[in-house]
$ cat data.txt   # compact mmCIF, C-alpha atoms
# COMPACT_ATOMS: atom_id res chain seq x y z
CA MET A 1 12.68 -5.91 30.26
CA ARG A 2 14.46 -3.56 32.62
CA TYR A 3 16.65 -0.60 31.77
CA HIS A 4 18.72 1.75 33.83
CA PHE A 5 20.42 5.01 33.05
CA LEU A 6 22.29 7.88 34.65
CA PHE A 7 21.35 11.52 34.32
CA GLY A 8 22.11 14.80 36.00
CA LEU A 9 19.01 15.87 37.92
CA ALA A 10 18.03 19.52 38.07
CA GLY A 11 14.52 19.64 39.44
CA LEU A 12 13.21 16.83 37.24
CA VAL A 13 9.65 15.58 37.49
CA LEU A 14 9.29 12.32 35.59
CA VAL A 15 6.00 11.57 33.84
CA GLN A 16 4.83 8.94 31.41
CA GLY A 17 3.96 9.86 27.86
CA LEU A 18 0.44 11.25 27.72
CA GLY A 19 -2.12 10.40 25.07
CA LEU A 20 -0.31 7.24 23.98
CA ALA A 21 -2.16 4.54 25.90
CA ALA A 22 -5.58 3.01 25.42
CA ASP A 23 -8.13 4.39 27.88
CA LEU A 24 -8.52 1.30 30.05
CA THR A 25 -10.78 3.12 32.51
CA LYS A 26 -13.62 2.92 29.96
CA ILE A 27 -13.58 -0.90 29.92
CA GLU A 28 -16.72 -2.34 31.49
CA ARG A 29 -15.83 -4.63 34.38
CA LYS A 30 -18.83 -6.93 34.34
CA ILE A 31 -18.96 -10.73 34.06
CA SER A 32 -21.74 -12.31 31.97
CA LYS A 33 -21.96 -15.65 33.79
CA GLU A 34 -20.41 -16.74 37.08
CA PRO A 35 -20.35 -20.13 38.79
CA LYS A 36 -21.43 -20.76 42.37
CA TYR A 37 -18.31 -20.05 44.38
CA GLN A 38 -17.37 -22.07 47.44
CA CYS A 39 -15.72 -19.25 49.37
CA ALA A 40 -17.45 -16.27 50.87
CA GLN A 41 -15.17 -13.82 49.08
CA PRO A 42 -13.95 -14.61 45.53
CA LEU A 43 -11.28 -12.31 44.13
CA TYR A 44 -11.48 -10.71 40.67
CA GLY A 45 -9.01 -9.59 38.01
CA LEU A 46 -9.28 -8.77 34.30
CA LEU A 47 -6.86 -9.18 31.38
CA VAL A 48 -7.17 -7.21 28.13
CA PHE A 49 -5.22 -7.77 24.92
CA GLY A 50 -3.94 -5.94 21.87
CA PRO A 51 -3.74 -2.31 20.76
CA LYS A 52 -7.50 -1.70 20.98
CA THR A 53 -8.15 -3.94 24.02
CA GLU A 54 -11.04 -5.54 22.11
CA THR A 55 -10.67 -8.89 23.86
CA SER A 56 -10.79 -9.38 27.61
CA ALA A 57 -10.58 -12.40 29.90
CA TRP A 58 -11.64 -12.66 33.53
CA LEU A 59 -9.75 -14.52 36.24
CA VAL A 60 -11.40 -15.26 39.59
CA LEU A 61 -9.89 -16.97 42.62
CA ASP A 62 -12.02 -19.36 44.67
CA LYS A 63 -11.46 -22.08 47.27
CA SER A 64 -12.07 -25.81 47.02
CA GLN A 65 -13.81 -25.65 50.39
CA ALA A 66 -15.37 -22.73 52.18
CA ASN A 67 -13.00 -23.09 55.14
CA SER A 68 -9.82 -23.61 53.10
CA PRO A 69 -6.99 -21.44 54.48
CA ALA A 70 -5.89 -20.25 51.02
CA TYR A 71 -7.28 -19.81 47.51
CA ASP A 72 -6.64 -22.98 45.51
CA VAL A 73 -9.18 -22.80 42.64
CA LEU A 74 -8.92 -20.57 39.58
CA TYR A 75 -11.60 -19.67 37.07
CA PHE A 76 -10.21 -18.27 33.81
CA ASP A 77 -12.25 -17.22 30.78
CA ARG A 78 -10.31 -19.08 28.07
CA ALA A 79 -12.87 -18.08 25.43
CA GLY A 80 -12.79 -14.37 26.26
CA GLN A 81 -16.58 -14.14 26.27
CA GLY A 82 -17.33 -13.51 29.93
CA ASP A 83 -18.68 -16.99 30.76
CA LEU A 84 -16.92 -18.62 33.72
CA THR A 85 -19.45 -21.45 34.10
CA LEU A 86 -17.94 -23.67 31.39
CA PRO A 87 -16.09 -26.73 32.75
CA ALA A 88 -12.95 -25.90 30.77
CA HIS A 89 -12.70 -22.58 32.60
CA LYS A 90 -12.22 -24.11 36.05
CA PHE A 91 -8.68 -25.00 37.20
CA THR A 92 -8.14 -27.00 40.38
CA SER A 93 -4.68 -28.52 39.94
CA GLY A 94 -2.16 -25.77 40.49
CA LYS A 95 1.52 -26.73 40.58
CA GLU A 96 3.19 -26.26 43.94
CA GLU A 97 5.97 -23.69 43.93
CA THR A 98 7.76 -22.07 46.85
CA GLY A 99 4.85 -20.61 48.76
CA ARG A 100 2.76 -20.34 45.57
CA LEU A 101 0.40 -22.17 43.22
CA LYS A 102 0.94 -21.98 39.47
CA PHE A 103 -1.94 -22.65 37.07
CA ASP A 104 -0.92 -23.39 33.47
CA ILE A 105 -3.65 -22.12 31.13
CA GLY A 106 -1.86 -22.75 27.81
CA ASP A 107 -2.84 -20.92 24.62
CA PHE A 108 -5.19 -17.97 24.46
CA THR A 109 -6.54 -16.53 21.20
CA ASP A 110 -7.42 -12.84 20.92
CA ARG A 111 -10.86 -12.83 19.27
CA GLY A 112 -10.34 -9.29 18.00
CA THR A 113 -7.03 -9.84 16.19
CA GLY A 114 -6.81 -13.62 15.83
CA ASP A 115 -3.39 -13.61 17.52
CA LYS A 116 -2.58 -16.71 19.56
CA HIS A 117 -0.61 -16.11 22.75
CA THR A 118 1.10 -19.10 24.34
CA GLU A 119 2.39 -20.31 27.71
CA LEU A 120 -0.20 -18.30 29.64
CA SER A 121 0.06 -19.05 33.34
CA ILE A 122 -1.23 -17.52 36.57
CA SER A 123 0.71 -17.73 39.81
CA ILE A 124 -0.86 -16.95 43.19
CA GLY A 125 0.50 -16.75 46.71
CA LYS A 126 -0.63 -19.37 49.25
CA ASP A 127 -1.84 -16.97 51.89
CA PRO A 128 -5.24 -15.50 52.81
CA SER A 129 -4.59 -12.33 50.78
CA PRO A 130 -2.49 -13.61 47.87
CA ASN A 131 -0.55 -11.61 45.33
CA VAL A 132 -0.99 -12.63 41.71
CA MET A 133 1.30 -12.67 38.65
CA VAL A 134 0.30 -13.47 35.05
CA HIS A 135 2.81 -14.64 32.42
CA LEU A 136 2.49 -15.29 28.68
CA THR A 137 4.46 -15.40 25.46
CA TRP A 138 3.17 -12.71 23.11
CA LYS A 139 1.91 -14.21 19.82
CA GLY A 140 3.88 -17.36 20.61
CA GLY A 141 7.12 -15.60 19.64
CA LYS A 142 10.10 -14.32 21.59
CA VAL A 143 8.42 -11.54 23.56
CA LYS A 144 7.61 -12.77 27.06
CA MET A 145 5.45 -10.61 29.33
CA ALA A 146 4.61 -10.71 33.02
CA GLY A 147 1.85 -8.67 34.64
CA GLY A 148 1.33 -7.62 38.24
CA TYR A 149 4.45 -5.58 38.98
CA PRO A 150 4.34 -2.74 41.51
CA GLU A 151 6.11 0.55 41.31
CA ASP A 152 8.96 0.42 43.79
CA PRO A 153 8.33 0.29 46.67
CA GLY A 154 5.13 -1.75 46.72
CA ASP A 155 3.48 -5.16 46.86
CA TYR A 156 2.70 -7.24 43.80
CA MET A 157 -0.84 -7.21 42.40
CA LYS A 158 -3.76 -8.27 44.54
CA LEU A 159 -7.19 -9.02 43.08
CA ALA A 160 -10.36 -7.21 44.13
CA PRO A 161 -13.38 -8.41 46.15
CA LYS A 162 -15.77 -6.98 43.52
CA ALA A 163 -15.73 -7.39 39.73
CA ASN A 164 -16.26 -3.67 39.12
CA GLU A 165 -13.14 -2.93 41.16
CA ALA A 166 -10.94 -5.55 39.50
CA PRO A 167 -7.40 -4.56 38.50
CA ILE A 168 -6.84 -4.59 34.73
CA LEU A 169 -3.67 -5.97 33.14
CA TRP A 170 -2.97 -4.88 29.57
CA PHE A 171 -1.01 -7.36 27.45
CA TYR A 172 0.30 -5.70 24.32
CA GLY A 173 3.76 -6.72 23.10
CA ASP A 174 3.93 -4.64 19.91
CA GLY A 175 3.84 -0.90 19.46
CA LEU A 176 4.51 1.87 21.92
CA PHE A 177 5.77 0.89 25.36
CA ARG A 178 5.56 2.79 28.62
CA PHE A 179 7.93 2.99 31.56
CA GLN A 180 7.45 2.21 35.22
CA ARG A 181 9.97 2.81 37.97
CA TRP A 182 11.66 -0.44 38.96
CA TYR A 183 13.84 0.82 41.76
CA GLY A 184 16.56 3.34 42.41
CA ASP A 185 18.05 5.62 44.99
CA THR A 186 16.47 8.88 46.06
CA LEU A 187 16.97 11.37 43.22
CA THR A 188 19.23 14.23 44.22
CA ILE A 189 19.13 17.60 42.47
CA GLY A 190 22.47 18.49 40.92
CA ALA A 191 23.89 14.96 41.15
CA LYS A 192 24.07 11.90 38.95
CA ASN A 193 21.40 9.34 39.72
CA ASP A 194 21.00 5.69 38.76
CA PHE A 195 17.34 5.23 37.82
CA LYS A 196 15.92 1.83 36.77
CA VAL A 197 12.66 1.28 34.88
CA PHE A 198 10.49 -1.52 33.54
CA LEU A 199 9.45 -1.41 29.90
CA GLY A 200 5.90 -2.52 29.04
CA GLN A 201 2.26 -1.48 29.47
CA GLN A 202 0.46 0.17 32.37
CA GLY A 203 -2.85 -1.28 33.53
CA VAL A 204 -5.51 -0.05 35.94
CA GLY A 205 -5.16 -0.39 39.70
CA ARG A 206 -2.23 -0.82 42.03
CA SER A 207 0.61 -3.03 40.82
CA SER A 208 -0.91 -3.56 37.39
CA PHE A 209 2.15 -3.08 35.16
CA CYS A 210 2.88 -5.67 32.43
CA ALA A 211 6.61 -5.82 31.78
CA ILE A 212 8.55 -7.19 28.82
CA MET A 213 10.69 -9.96 30.31
CA HIS A 214 12.70 -11.28 27.38
CA PRO A 215 15.48 -9.17 25.81
CA PHE A 216 13.87 -9.23 22.38
CA LEU A 217 15.67 -6.12 21.11
CA SER A 218 19.09 -6.65 19.54
CA GLU A 219 22.05 -5.04 21.28
CA ASP A 220 22.36 -2.32 18.64
CA VAL A 221 18.78 -1.09 19.27
CA SER A 222 18.30 1.42 22.08
CA VAL A 223 15.18 2.77 23.73
CA LEU A 224 14.53 6.50 23.55
CA ALA A 225 13.12 8.00 26.76
CA THR A 226 11.86 11.57 27.10
CA LEU A 227 12.12 13.26 30.50
CA LEU A 228 9.70 16.10 31.10
CA TYR A 229 10.51 18.54 33.88
CA THR A 230 9.95 22.10 35.04
CA ASP A 231 13.07 24.21 35.43
CA GLU A 232 13.75 26.89 38.02
CA GLN A 233 11.98 29.49 35.86
CA GLY A 234 8.84 27.38 35.68
CA ARG A 235 9.36 26.39 32.05
CA GLU A 236 8.55 22.88 30.86
CA VAL A 237 11.57 21.19 29.28
CA ALA A 238 11.81 17.88 27.42
CA VAL A 239 15.14 16.02 27.42
CA LYS A 240 15.65 12.85 25.39
CA HIS A 241 17.91 10.00 26.53
CA GLU A 242 18.89 6.76 24.83
CA LEU A 243 18.61 3.82 27.21
CA THR A 244 21.26 1.30 26.25
CA GLN A 245 22.05 -0.60 29.44
CA ARG A 246 19.81 -3.59 30.18
CA CYS A 247 19.32 -5.84 33.18
$ encode --input "data.txt" --output "structure tokens"
Amino acid sequence: MRYHFLFGLAGLVLVQGLGLAADLTKIERKISKEPKYQCAQPLYGLLVFGPKTETSAWLVLDKSQANSPAYDVLYFDRAGQGDLTLPAHKFTSGKEETGRLKFDIGDFTDRGTGDKHTELSISIGKDPSPNVMVHLTWKGGKVKMAGGYPEDPGDYMKLAPKANEAPILWFYGDGLFRFQRWYGDTLTIGAKNDFKVFLGQQGVGRSSFCAIMHPFLSEDVSVLATLLYTDEQGREVAVKHELTQRC
């Protein structure tokens, strides 16, 4: 979900709320069992779920042949137990999209909470260094999330050549949300500025933001954003704004 708002800028420095997010940097990025990959360089990413990030699921890109020009095989840990060697965790029939392959995973159950998330899919670019997007419907309801967004300007998420460097996407469609800059003009002190943001959860690594895609809030519900800035006297000031316009 994307919001935009106007405000008068007077030396503002925008920051995300501190102390509200799970500490994703403490998550161990280690896979229990891996298959024998065909390509020389598999690419790694990690998904975590829920408020306590108790359940995680690895995704690894491989090739059907060592000399294939693009990644066309996906391993995804559907059980959330770190074992990618199971036959059900290998996907070789991605759907052709415009310059991309889409792998439909289906349902995924969070072992920590018992919540079943539906319509999980992973889309990858058909180039030697592909960008990756992950979509799902949170708890099978009306909240749709997509992970892999960059902060403007920037490229969409790319996976890592080593498991311990894998980007982490955090899927959590309840509770407190964070903001990430979508795009906007250069902010000018003393002028009104149109500033657009994504609403969702921040992950670990470049372009690892999971955004709420479906307008699940009713029109009479606004989002309260707090801007923290330092004024000309060096004092920290907090200004609250209601975000009501949606894209």
$ atom_distance --input "data.txt" --atom1 "atom CA of A:Val132" --atom2 "atom CA of A:Ala211"
14.2 Å
$ residues_around --input "data.txt" --residues "stretch 105-111 of chain A" --least-positions-apart "3" --cutoff "9 Å" --atoms "all atoms listed in the file" --output "ChimeraX atom specification"
/A:49-50,54-56,76,78-80,91,114-122,136,139-140
$ closest_residue --input "data.txt" --among "A:Leu74, A:Pro51, A:Ala57, A:Thr25" --to "A:Cys39" --atoms "only C-alpha atoms"
A:Leu74
$ closest_residue --input "data.txt" --among "A:Ala160, A:Ile124, A:Ala88, A:Leu47" --to "A:Phe209" --atoms "all atoms listed in the file"
A:Leu47
$ residues_around --input "data.txt" --residues "stretch 34-38 of chain A" --least-positions-apart "5" --cutoff "8 Å" --atoms "all atoms listed in the file" --output "list in words"
Asp62, Lys63, Ser64, Gln65, Ala66, Asp83, Leu84 and Thr85 of chain A
$ closest_residue --input "data.txt" --among "A:His89, A:Lys30, A:Lys240, A:Arg100" --to "A:Tyr44" --atoms "only C-alpha atoms"
A:Lys30
$ residues_around --input "data.txt" --residues "A:Pro130" --least-positions-apart "6" --cutoff "9 Å" --atoms "all atoms listed in the file" --output "number ranges by chain"
A: 70-71, 100, 124, 157-159
$ closest_residue --input "data.txt" --among "A:Thr230, A:Asn193, A:Thr188, A:Thr244" --to "A:Pro215" --atoms "only C-alpha atoms"
A:Thr244
$ atom_distance --input "data.txt" --atom1 "atom CA of A:Val223" --atom2 "atom CA of A:Tyr183"
18.2 Å
$ atom_distance --input "data.txt" --atom1 "atom CA of A:Tyr149" --atom2 "atom CA of A:Ser207"
5.0 Å
$ closest_residue --input "data.txt" --among "A:Ser208, A:Gln81, A:Gln41, A:Thr186" --to "A:Asp155" --atoms "all atoms listed in the file"
A:Ser208
$ closest_residue --input "data.txt" --among "A:Ala166, A:Lys26, A:Gly99, A:Asp77" --to "A:Pro42" --atoms "all atoms listed in the file"
A:Ala166
$ residues_around --input "data.txt" --residues "A:Leu24" --least-positions-apart "4" --cutoff "10 Å" --atoms "only C-alpha atoms" --output "mmCIF file with C-alpha atoms, keeping the file's coordinate frame"
data_model
loop_
_atom_site.group_PDB
_atom_site.id
_atom_site.type_symbol
_atom_site.label_atom_id
_atom_site.label_comp_id
_atom_site.auth_asym_id
_atom_site.auth_seq_id
_atom_site.Cartn_x
_atom_site.Cartn_y
_atom_site.Cartn_z
ATOM 1 C CA GLU A 28 -16.720 -2.340 31.490
ATOM 2 C CA VAL A 48 -7.170 -7.210 28.130
ATOM 3 C CA LYS A 52 -7.500 -1.700 20.980
ATOM 4 C CA THR A 53 -8.150 -3.940 24.020
ATOM 5 C CA ILE A 168 -6.840 -4.590 34.730
ATOM 6 C CA LEU A 169 -3.670 -5.970 33.140
ATOM 7 C CA TRP A 170 -2.970 -4.880 29.570
ATOM 8 C CA GLN A 202 0.460 0.170 32.370
ATOM 9 C CA GLY A 203 -2.850 -1.280 33.530
ATOM 10 C CA VAL A 204 -5.510 -0.050 35.940
#
$ axis_aligned_box --input "data.txt" --around "stretch 90-104 of chain A" --padding-each-side "5 Å" --output "lines of an AutoDock Vina configuration file"
center_x = -2.2
center_y = -24.4
center_z = 41.1
size_x = 30.0
size_y = 18.2
size_z = 25.3
